[in-house]
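Here is the structure we will look at, set down as structure tokens.
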Amino acid sequence: MKKRIFTGAATALITPMHNDGSVNFEKISLLVEEQIKSGIDALVICGTTGEKSTLNYKEHVKVIESAVNSANGRVPIIAGTGSNDTVYTVELCKDAISCGADAMLMVTPYYNKTSQRGLITHYNYVADRIDSPIILYNVPSRTGVNITPSTYAELCKHPNIVATKEANGDISSVALTRALCGNELDIYSGNDDQIVPIMSLGGIGVISVLSNIAPSQTHDMCAKYLNGDTKTASDMQIYYSQLIKALFSDVNPIPVKEAMNILGFDVGPCRLPLVPMEDKQRNELIEQLKFCKLIKD
């Protein structure tokens, strides 16, 4: 079996901004510290939730470096380095490795997209050129590309391709991927509403948006399940289901950043083209934060 990057809950950390839209690097350190103190198992930096797509190259690398330095080896730091340009992806991976990142999270090529054969070629090309474990990221609602179970079966043959963040919403495909890949590919839920369902099929945790605002709770949900207390884990999945729904009532990371600002974290706005939530959605988000006892009535 390949070396495991983490088990449990990893937070897909937001990237805090100043009100003028510049990156708030001091706040990154504070957020990393808060996450680690709350028991999170790993951190994903510069993923979708971290607004990777609007960070320039220099910012991207500096955010990764800031998180690595703040974590100081206490939890794995997984750098979001996927793009729709294969050669660019290799360059970004190398810089992330130089910063000290422990693993790479690589989304499927978007916009220009590719075939299943192209996915195999793309990922193997990158994996051959870097010395780091890779987590694939399958989120077809964003990219227009879905990794099929048979493609996973080919990709997991590479020693550097060790896991996937599965966010295609198709539980049946997760089961088939497990059947075809066995222990050669760890599976993390990429959807907070499917943490327990995916672990029931052999998944080993989640890369989570929810854990930005509820890190200890998300960690506990995974830990309970993995330690055999499936009833409590299932109850927690249900308990947080409406909050999870509210966190995805607008384009991620708009709601989670709004929630963090409501909770006093002062993480600033999202960069354009993402705009603030409408009042109706924001009010529902507040109600769910109250219901889950993250803020008082």
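Naming works like this for the structure tokens: A, B, ... for the chains as they're shown, residue 1 at the start of each chain, ligands 1 onward in shown order.
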Those of region 55-152 of chain A in DSSP strand (DSSP E), formatted as a list in words: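 Everything in region 55-152 of chain A that counts as strand (DSSP E) is Ile77, Ile78, Ala79, Gly80, Ala103, Met104, Leu105, Met106, Val107, Ile134, Ile135, Leu136, Tyr137 and Asn138 of chain A.
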Compile the contact shell of Thr7 (chain A) as a list in words: residues with an atom at most 8 Å away, counting only C-alpha atoms, same-chain residues fewer than 5 positions apart removed.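 Counting only the stated atoms, we get Asp41, Ile204 and Gly205 of chain A.
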Pick from A:Ile45, A:Leu55, A:Val251, A:Ile171, whichever lies nearest to Leu105 (chain A) using only C-alpha atoms: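 Among the listed residues, A:Ile45 lies closest to Leu105 (chain A).
For the pair CA of Ile238 (chain A) and CA of Asn283 (chain A), the separation is 20.9 Å.
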Could you tell me which of A:Ala10, A:Val209, A:Ala233, A:Leu226 comes closest to Ala259 (chain A) if we count only C-alpha atoms?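 Selected residue with least distance to Ala259 (chain A): A:Val209.
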Rounded to one decimal place, report the CA of Leu13 (chain A)-CA of Ala167 (chain A) distance in Å.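 Rounded to one decimal, the two atoms are 16.7 Å apart.
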All residues 12 Å or closer to Lys231 (chain A), only C-alpha atoms, same chain fewer than 4 positions away omitted, as a VMD selection string: chain A and resid 196 200 221 to 222 224 to 227 235 to 238
Mind writing the picked residues with C-alpha atoms as a PDB file, in the first residue's frame?
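result_38.pdb written:
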```pdb
ATOM      1  CA  VAL A 196     -20.196   9.451   5.933  1.00  0.00           C
ATOM      2  CA  SER A 200     -19.035   3.741   4.257  1.00  0.00           C
ATOM      3  CA  MET A 221     -17.393  13.144  12.447  1.00  0.00           C
ATOM      4  CA  CYS A 222     -14.591  11.407  10.575  1.00  0.00           C
ATOM      5  CA  LYS A 224     -16.112   8.652  15.093  1.00  0.00           C
ATOM      6  CA  TYR A 225     -16.776   6.795  11.864  1.00  0.00           C
ATOM      7  CA  LEU A 226     -13.242   5.517  11.439  1.00  0.00           C
ATOM      8  CA  ASN A 227     -13.170   4.359  15.082  1.00  0.00           C
ATOM      9  CA  ASP A 235     -26.100  11.551  13.336  1.00  0.00           C
ATOM     10  CA  MET A 236     -23.522  14.315  12.937  1.00  0.00           C
ATOM     11  CA  GLN A 237     -23.791  14.161   9.157  1.00  0.00           C
ATOM     12  CA  ILE A 238     -27.539  14.663   9.448  1.00  0.00           C
TER      13      ILE A 238
END
```
Could you list, as a ChimeraX atom specification, every residue within 10 Å of Ile64 (chain A), counting only C-alpha atoms and ignoring same-chain residues fewer than 6 positions away? /A:28,44-46,70,77-80,95-97,99-101
Could you dump the residues just selected with N, CA and C atoms as a short mmCIF file (atom, residue, chain, number, x, y, z; two decimals), in the first residue's frame?
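See selection06.cif below for the written result:
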```
data_model
loop_
_atom_site.label_atom_id
_atom_site.label_comp_id
_atom_site.auth_asym_id
_atom_site.auth_seq_id
_atom_site.Cartn_x
_atom_site.Cartn_y
_atom_site.Cartn_z
N ILE A 28 -3.54 34.46 7.44
CA ILE A 28 -3.31 33.05 7.10
C ILE A 28 -2.72 32.34 8.30
N VAL A 44 -5.57 21.99 3.13
CA VAL A 44 -5.42 22.18 1.68
C VAL A 44 -5.36 23.68 1.42
N ILE A 45 -4.30 24.12 0.77
CA ILE A 45 -4.07 25.53 0.54
C ILE A 45 -4.18 25.82 -0.97
N CYS A 46 -4.87 26.90 -1.29
CA CYS A 46 -5.02 27.32 -2.69
C CYS A 46 -5.79 26.31 -3.52
N SER A 70 3.60 28.47 8.84
CA SER A 70 2.74 28.57 10.02
C SER A 70 2.46 27.20 10.63
N ILE A 77 0.52 19.83 4.79
CA ILE A 77 0.03 20.92 3.94
C ILE A 77 -0.04 20.41 2.51
N ILE A 78 -1.24 20.46 1.96
CA ILE A 78 -1.49 19.98 0.60
C ILE A 78 -1.74 21.19 -0.27
N ALA A 79 -0.94 21.36 -1.30
CA ALA A 79 -1.01 22.54 -2.15
C ALA A 79 -1.87 22.27 -3.38
N GLY A 80 -2.81 23.17 -3.63
CA GLY A 80 -3.60 23.10 -4.85
C GLY A 80 -2.77 23.59 -6.02
N ASP A 95 7.50 24.52 -7.42
CA ASP A 95 7.62 25.64 -6.49
C ASP A 95 6.94 25.33 -5.15
N ALA A 96 5.80 24.65 -5.21
CA ALA A 96 5.11 24.26 -3.98
C ALA A 96 5.96 23.29 -3.16
N ILE A 97 6.62 22.37 -3.83
CA ILE A 97 7.51 21.43 -3.15
C ILE A 97 8.67 22.18 -2.51
N CYS A 99 8.61 25.10 -1.38
CA CYS A 99 8.09 25.79 -0.19
C CYS A 99 7.90 24.85 0.99
N GLY A 100 7.90 23.54 0.72
CA GLY A 100 7.75 22.57 1.80
C GLY A 100 6.40 21.88 1.86
N ALA A 101 5.57 22.05 0.82
CA ALA A 101 4.27 21.36 0.81
C ALA A 101 4.47 19.85 0.81
#
```
